[in-house]
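Working notes for the structure below.
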Amino acid sequence: MNTATSQTPEQVLEQAQKLWAQGKSQKTYDLVSTYLRANPNDGPLLHFFAGVLEKQGNIFGAIKHLEFACKAPNSQSLYFLDLASLLGKQQMYVESQNVLTVAMKRDPGNQEIQAQLGSMLILNGFFDQGVKLFSHVMTQSPSNWQRWTLFANSVAKSSRPKQAAELYDQALEIMQGASTSDADAKPSPADIANTLMAKADHLKTIGDKDGCTALIRAAIAQTKYVARAWAELATLKAFTDDDVATVEKMIGAERGKLSKLDLQYLHHALGLAYMTRDDGKAAMAHYLKANAYQREQIDYNEEKTLAFLANLPNFFTPDAIADNTLSETGDEQQFIFIVGMPRCGSTLLEQVLDSHSDAFGVGEIRTLPGLLKRAYGDGFPSLPAHKKLLADPKRLALFAKAYRDEVSRMLPPEVLKNGKGPRYIVDKMLGNFVSVGLIAMAFPNSKIIHARRDPMDTAFSCFTHFFADGHKYLCDLREIGNFYVAYRDLMAYWEKTVSKDQLITVDYEKVIADLDHEARRLVDFLGLDWQDACLEFYANKREVRTHSALEVRQPVYNSSLERWRPYQKELTPLIEALGINPD
């Protein structure tokens, strides 16, 4: 008899925890997975194993085992909270909300479940319901700074974030006044610094550079080891010589206190600091180190990714698109999908469009990719069976309706007229370039804008910016180049296949050279009347949640063109992957 399977779940869990504490991850995995194959219904063991899988990078395996743990006879509310949290980290907000709704029915008095559900309601566009639930929770636990911070973070991510600054102030006031007698309630300097950084992020989205800078300085005053603060400070061009010396000392003499993620942030900060000081050699050395640290922590299957992109035209053939496009009456809410590579000038285009009274930008929302996964499954489309799914009109209609409903809930009341949104809602999730064929089928009266920029400028800007998630291909020069080529080839296919009345390509360089002409061309393509406000996009007070949040608060400039040229030698892997002659 197998020794492991003859033990009780409690004995296996105790043994697994000891193995894990000793750093024996593979033995831990083997022990628990073997036991669960014969005894698959123990909640604590399933929950523990989900944590092991998550730490090993198997996120969807972790989600599956958390789901099993929630269904186990001895399930606990903690399992539901952890499942909802992990789903939320994957931007699967609807699924997270559903899990929390079930959890609240099981444990209606659990304030943590209520707070997390309030957060998900806000993020899913049920703003009033979420705020109402949060208000109830905060009445019951007025001194819980963690929940005040969660409340503020949730509102800041909504389309109605005016309350966020006040909520952050409330959280910070409670944090700074927390009782020293309650060790669990008292926040650490890092906790306070992270909340200050969250408020700084919020001020950055609304263009308050000075307020943002002051909060970052306050965060560093709490603890200099909040590495992200240094990276943000460098982004604001507020790095002093003393800051450079401090960060270099941290990387050198105090390395033992830093994680790989910390080192990544700090090298990015120094890269930008030296770039602004015209010391290109030092800048590139730090950028290369920062990206190397990030690449070490990423599980990126380049072969699979590039094969997926190359195979998309086999599913979305001209006939498949023509035969399966939905019919529209003309009364439906319409959208503008801005697609392309990161750092392609898309935020500038969105700001131009959002300055028009008949358009409203909701930013880089993950609604479409999330719905795609729910409606069609993981890896769609990549299997022969997926062709049948593409030809299912009911599925496509439900997908389109779900998208309309979810995006409509994101609109703030002030943009609604007689209960209806503006003529166009702008979705700037650039990665939707992989879904252009499906967009054309599901929303035939909507518009698609391909924001394009010189490949070297695009790739160099990607390499020198910090992308926290969702961009696995952006921290290795050769991989960036290979991905760009695959993206370029796919967009060339869409441009030949999708109607010119629905898809337009706008080059960043042309926008910079002649904003008036390109803006008018774009507005004309959308069938809208011209408005001069489109040329004064920098006066727009909307929130901007991208790396360009502060750049688009000023008129167009051309200083970002060909910034890569002084670093041509270091960029050789990129140049080779792109297959270009830089001279």
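Residues are named by chain letter and number: chains run A, B, ... in the order of the structure tokens, numbers start at 1 in each chain, and ligands are numbered from 1 in the order shown.
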Checklist line | A:Val436 surroundings by only C-alpha atoms, 12 Å radius, close-in-sequence under 4 positions cut, as a ChimeraX atom specification | finding: /A:309,312-313,315-317,321,336-340,368-369,429-432,440-444,446-450,487,490-499,502-504
With only C-alpha atoms as the counted atoms, please give the residues lying no more than 8 Å from stretch 191-202 of chain A, apart from itself and same-chain residues fewer than 6 positions off, as a compact mmCIF listing (two decimals) with N, CA and C atoms, in the first residue's frame.
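Saved file part29.txt follows:
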# COMPACT_ATOMS: atom_id res chain seq x y z
N THR A 149 -8.62 51.17 2.26
CA THR A 149 -7.71 51.19 1.11
C THR A 149 -8.30 50.42 -0.07
N ASN A 153 -9.06 51.96 -3.66
CA ASN A 153 -8.48 51.38 -4.87
C ASN A 153 -9.58 51.01 -5.88
N ALA A 156 -11.04 54.17 -7.42
CA ALA A 156 -10.06 54.79 -8.31
C ALA A 156 -10.01 54.11 -9.67
N ALA A 164 -12.26 58.89 -4.90
CA ALA A 164 -11.09 58.09 -4.53
C ALA A 164 -10.11 58.85 -3.64
N ALA A 165 -9.79 60.08 -3.98
CA ALA A 165 -8.81 60.84 -3.20
C ALA A 165 -9.26 60.97 -1.75
N TYR A 168 -8.78 57.64 -0.02
CA TYR A 168 -7.37 57.41 0.31
C TYR A 168 -6.98 58.23 1.55
N ALA A 171 -8.26 56.46 4.56
CA ALA A 171 -7.43 55.29 4.87
C ALA A 171 -6.12 55.72 5.54
N LEU A 172 -5.49 56.76 5.00
CA LEU A 172 -4.20 57.21 5.54
C LEU A 172 -4.35 57.79 6.94
N MET A 175 -4.64 54.84 9.19
CA MET A 175 -3.35 54.15 9.28
C MET A 175 -2.40 54.89 10.22
N GLN A 176 -2.36 56.19 10.08
CA GLN A 176 -1.42 56.97 10.88
C GLN A 176 -1.85 57.09 12.33
N GLY A 211 1.14 66.84 -7.30
CA GLY A 211 0.56 66.06 -6.21
C GLY A 211 1.09 64.64 -6.21
N CYS A 212 1.23 64.09 -7.38
CA CYS A 212 1.77 62.73 -7.52
C CYS A 212 3.20 62.67 -7.00
N THR A 213 4.02 63.62 -7.38
CA THR A 213 5.42 63.65 -6.95
C THR A 213 5.53 63.77 -5.44
N LEU A 215 3.41 62.81 -3.14
CA LEU A 215 3.01 61.57 -2.49
C LEU A 215 4.09 60.49 -2.61
N ILE A 216 4.75 60.45 -3.76
CA ILE A 216 5.84 59.49 -3.93
C ILE A 216 6.98 59.80 -2.95
N ALA A 218 6.61 61.24 -0.12
CA ALA A 218 6.11 60.86 1.20
C ALA A 218 6.22 59.35 1.41
N ALA A 219 5.98 58.58 0.34
CA ALA A 219 6.10 57.12 0.44
C ALA A 219 7.54 56.72 0.71
N ILE A 220 8.48 57.36 0.02
CA ILE A 220 9.90 57.06 0.23
C ILE A 220 10.34 57.47 1.64
N GLN A 222 8.56 57.14 4.22
CA GLN A 222 8.12 56.06 5.10
C GLN A 222 9.14 54.92 5.07
N THR A 223 9.55 54.55 3.88
CA THR A 223 10.57 53.51 3.71
C THR A 223 11.15 53.60 2.31
N VAL A 226 10.46 50.81 -0.76
CA VAL A 226 9.32 50.64 -1.65
C VAL A 226 9.83 50.95 -3.07
N ALA A 229 8.30 53.09 -5.95
CA ALA A 229 8.28 54.55 -5.81
C ALA A 229 9.42 55.20 -6.58
Notebook entry, point to check: What is the atom CA of A:Val434-atom CA of A:Gln91 distance in Å, reported with one decimal?
Noted result: 18.0 Å
Check: Which residues come within 12 Å of A:Asp457, counting only C-alpha atoms, excluding same-chain residues fewer than 5 positions away, as a list in words?
Finding: Met341, Pro342, Arg343, Cys344, Gly345, Arg452, Cys462, Phe463, Thr464, Ile480, Gly481, Tyr484, Tyr508, Glu509, Asn558, Ser559, Ser560, Leu561, Glu562, Arg563, Trp564, Arg565, Tyr567, Gln568, Leu571, Leu574, Ile575, Leu578 and Pro582 of chain A
Next item on the list: Compile the contact shell of stretch 128-133 of chain A as a ChimeraX atom specification: residues with an atom at most 7 Å away, counting only C-alpha atoms, same-chain residues fewer than 6 positions apart removed.
Entry: /A:114,118-119,121-122
Item checked: Selected residue, from A:Arg366, A:Lys64, A:His465, A:Arg409, that lies nearest to A:Asp427 when counting only C-alpha atoms ->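 Comparing A:Arg366, A:Lys64, A:His465, A:Arg409 against A:Asp427, the winner is A:Arg366.
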Checklist line | Minimum-distance residue to A:Glu406, chosen among A:Ile298, A:Asn58, A:Val426, A:Ile365 (using only C-alpha atoms) | finding: A:Ile365
Next item on the list: Give the alpha helix (DSSP H) residues of stretch 382-482 of chain A, as assigned by DSSP on the backbone, as a VMD selection string.
Entry: chain A and resid 386 to 390 393 to 408 436 to 442 455 to 463 477 to 482
Written selection (N, CA and C atoms) as a compact mmCIF listing (two decimals), in the first residue's frame:
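And here is the file that came out, part.txt:
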# COMPACT_ATOMS: atom_id res chain seq x y z
N HIS A 386 -12.69 24.82 -32.98
CA HIS A 386 -13.03 26.23 -32.81
C HIS A 386 -13.69 26.82 -34.05
N LYS A 387 -13.46 26.21 -35.20
CA LYS A 387 -14.11 26.72 -36.42
C LYS A 387 -15.62 26.58 -36.32
N LYS A 388 -16.07 25.52 -35.68
CA LYS A 388 -17.51 25.33 -35.49
C LYS A 388 -18.06 26.39 -34.54
N LEU A 389 -17.30 26.70 -33.50
CA LEU A 389 -17.74 27.74 -32.57
C LEU A 389 -17.86 29.09 -33.26
N LEU A 390 -16.94 29.36 -34.18
CA LEU A 390 -16.99 30.64 -34.90
C LEU A 390 -18.23 30.77 -35.76
N PRO A 393 -24.00 31.50 -34.55
CA PRO A 393 -24.50 32.87 -34.46
C PRO A 393 -25.04 33.22 -33.07
N LYS A 394 -25.62 32.25 -32.36
CA LYS A 394 -26.16 32.53 -31.04
C LYS A 394 -25.03 32.86 -30.06
N ARG A 395 -23.95 32.11 -30.14
CA ARG A 395 -22.81 32.37 -29.26
C ARG A 395 -22.23 33.76 -29.54
N LEU A 396 -22.08 34.10 -30.81
CA LEU A 396 -21.53 35.40 -31.18
C LEU A 396 -22.46 36.52 -30.72
N ALA A 397 -23.76 36.33 -30.86
CA ALA A 397 -24.73 37.35 -30.43
C ALA A 397 -24.69 37.55 -28.92
N LEU A 398 -24.56 36.46 -28.17
CA LEU A 398 -24.46 36.57 -26.71
C LEU A 398 -23.16 37.26 -26.31
N PHE A 399 -22.09 36.95 -27.03
CA PHE A 399 -20.80 37.59 -26.78
C PHE A 399 -20.92 39.10 -27.00
N ALA A 400 -21.53 39.51 -28.12
CA ALA A 400 -21.68 40.94 -28.43
C ALA A 400 -22.55 41.64 -27.40
N LYS A 401 -23.65 40.99 -27.00
CA LYS A 401 -24.54 41.61 -26.02
C LYS A 401 -23.86 41.75 -24.67
N ALA A 402 -23.13 40.72 -24.27
CA ALA A 402 -22.43 40.78 -22.99
C ALA A 402 -21.41 41.91 -22.98
N TYR A 403 -20.72 42.10 -24.10
CA TYR A 403 -19.75 43.19 -24.18
C TYR A 403 -20.46 44.54 -24.06
N ARG A 404 -21.54 44.70 -24.79
CA ARG A 404 -22.29 45.97 -24.72
C ARG A 404 -22.74 46.24 -23.29
N ASP A 405 -23.28 45.22 -22.64
CA ASP A 405 -23.81 45.40 -21.29
C ASP A 405 -22.70 45.76 -20.31
N GLU A 406 -21.59 45.04 -20.37
CA GLU A 406 -20.51 45.29 -19.41
C GLU A 406 -19.88 46.67 -19.60
N VAL A 407 -19.67 47.06 -20.86
CA VAL A 407 -19.06 48.37 -21.11
C VAL A 407 -20.03 49.49 -20.74
N SER A 408 -21.30 49.29 -21.01
CA SER A 408 -22.29 50.33 -20.68
C SER A 408 -22.31 50.62 -19.19
N VAL A 436 -9.34 41.23 -34.09
CA VAL A 436 -9.95 42.11 -35.10
C VAL A 436 -11.01 41.38 -35.92
N GLY A 437 -10.72 40.14 -36.31
CA GLY A 437 -11.69 39.38 -37.10
C GLY A 437 -12.99 39.19 -36.36
N LEU A 438 -12.91 38.82 -35.09
CA LEU A 438 -14.12 38.61 -34.29
C LEU A 438 -14.85 39.93 -34.05
N ILE A 439 -14.10 41.01 -33.82
CA ILE A 439 -14.71 42.32 -33.64
C ILE A 439 -15.50 42.71 -34.88
N ALA A 440 -14.91 42.48 -36.05
CA ALA A 440 -15.60 42.81 -37.31
C ALA A 440 -16.89 42.03 -37.46
N MET A 441 -16.91 40.79 -36.98
CA MET A 441 -18.10 39.96 -37.07
C MET A 441 -19.16 40.36 -36.04
N ALA A 442 -18.73 40.68 -34.83
CA ALA A 442 -19.67 40.94 -33.74
C ALA A 442 -20.20 42.36 -33.74
N PRO A 455 8.79 50.60 -36.09
CA PRO A 455 9.10 49.41 -35.28
C PRO A 455 10.23 49.61 -34.29
N MET A 456 11.28 50.32 -34.67
CA MET A 456 12.39 50.53 -33.74
C MET A 456 11.97 51.45 -32.60
N ASP A 457 11.25 52.52 -32.91
CA ASP A 457 10.78 53.41 -31.86
C ASP A 457 9.83 52.68 -30.91
N THR A 458 8.94 51.86 -31.49
CA THR A 458 8.00 51.10 -30.67
C THR A 458 8.75 50.15 -29.74
N ALA A 459 9.63 49.35 -30.31
CA ALA A 459 10.32 48.33 -29.53
C ALA A 459 11.23 48.94 -28.48
N PHE A 460 11.95 50.00 -28.84
CA PHE A 460 12.85 50.64 -27.89
C PHE A 460 12.06 51.22 -26.71
N SER A 461 10.93 51.84 -27.01
CA SER A 461 10.10 52.41 -25.95
C SER A 461 9.54 51.31 -25.05
N CYS A 462 9.16 50.19 -25.64
CA CYS A 462 8.68 49.06 -24.84
C CYS A 462 9.78 48.55 -23.90
N PHE A 463 10.97 48.45 -24.43
CA PHE A 463 12.09 47.90 -23.65
C PHE A 463 12.47 48.81 -22.49
N LEU A 477 15.11 41.72 -25.99
CA LEU A 477 15.16 42.46 -27.26
C LEU A 477 14.77 41.59 -28.45
N ARG A 478 15.31 40.39 -28.51
CA ARG A 478 15.00 39.52 -29.65
C ARG A 478 13.52 39.10 -29.62
N GLU A 479 13.00 38.82 -28.44
CA GLU A 479 11.60 38.42 -28.35
C GLU A 479 10.66 39.57 -28.70
N ILE A 480 11.04 40.78 -28.33
CA ILE A 480 10.23 41.94 -28.73
C ILE A 480 10.18 42.03 -30.26
N GLY A 481 11.34 41.88 -30.89
CA GLY A 481 11.40 41.97 -32.35
C GLY A 481 10.61 40.87 -33.02
N ASN A 482 10.72 39.65 -32.52
CA ASN A 482 9.96 38.54 -33.11
C ASN A 482 8.46 38.75 -32.97
Next item on the list: Provide the atom CA of A:Glu95 to atom CA of A:Leu53 distance in Å, to one decimal place.
Entry: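 Pair atom CA of A:Glu95 / atom CA of A:Leu53 returns 19.7 Å.
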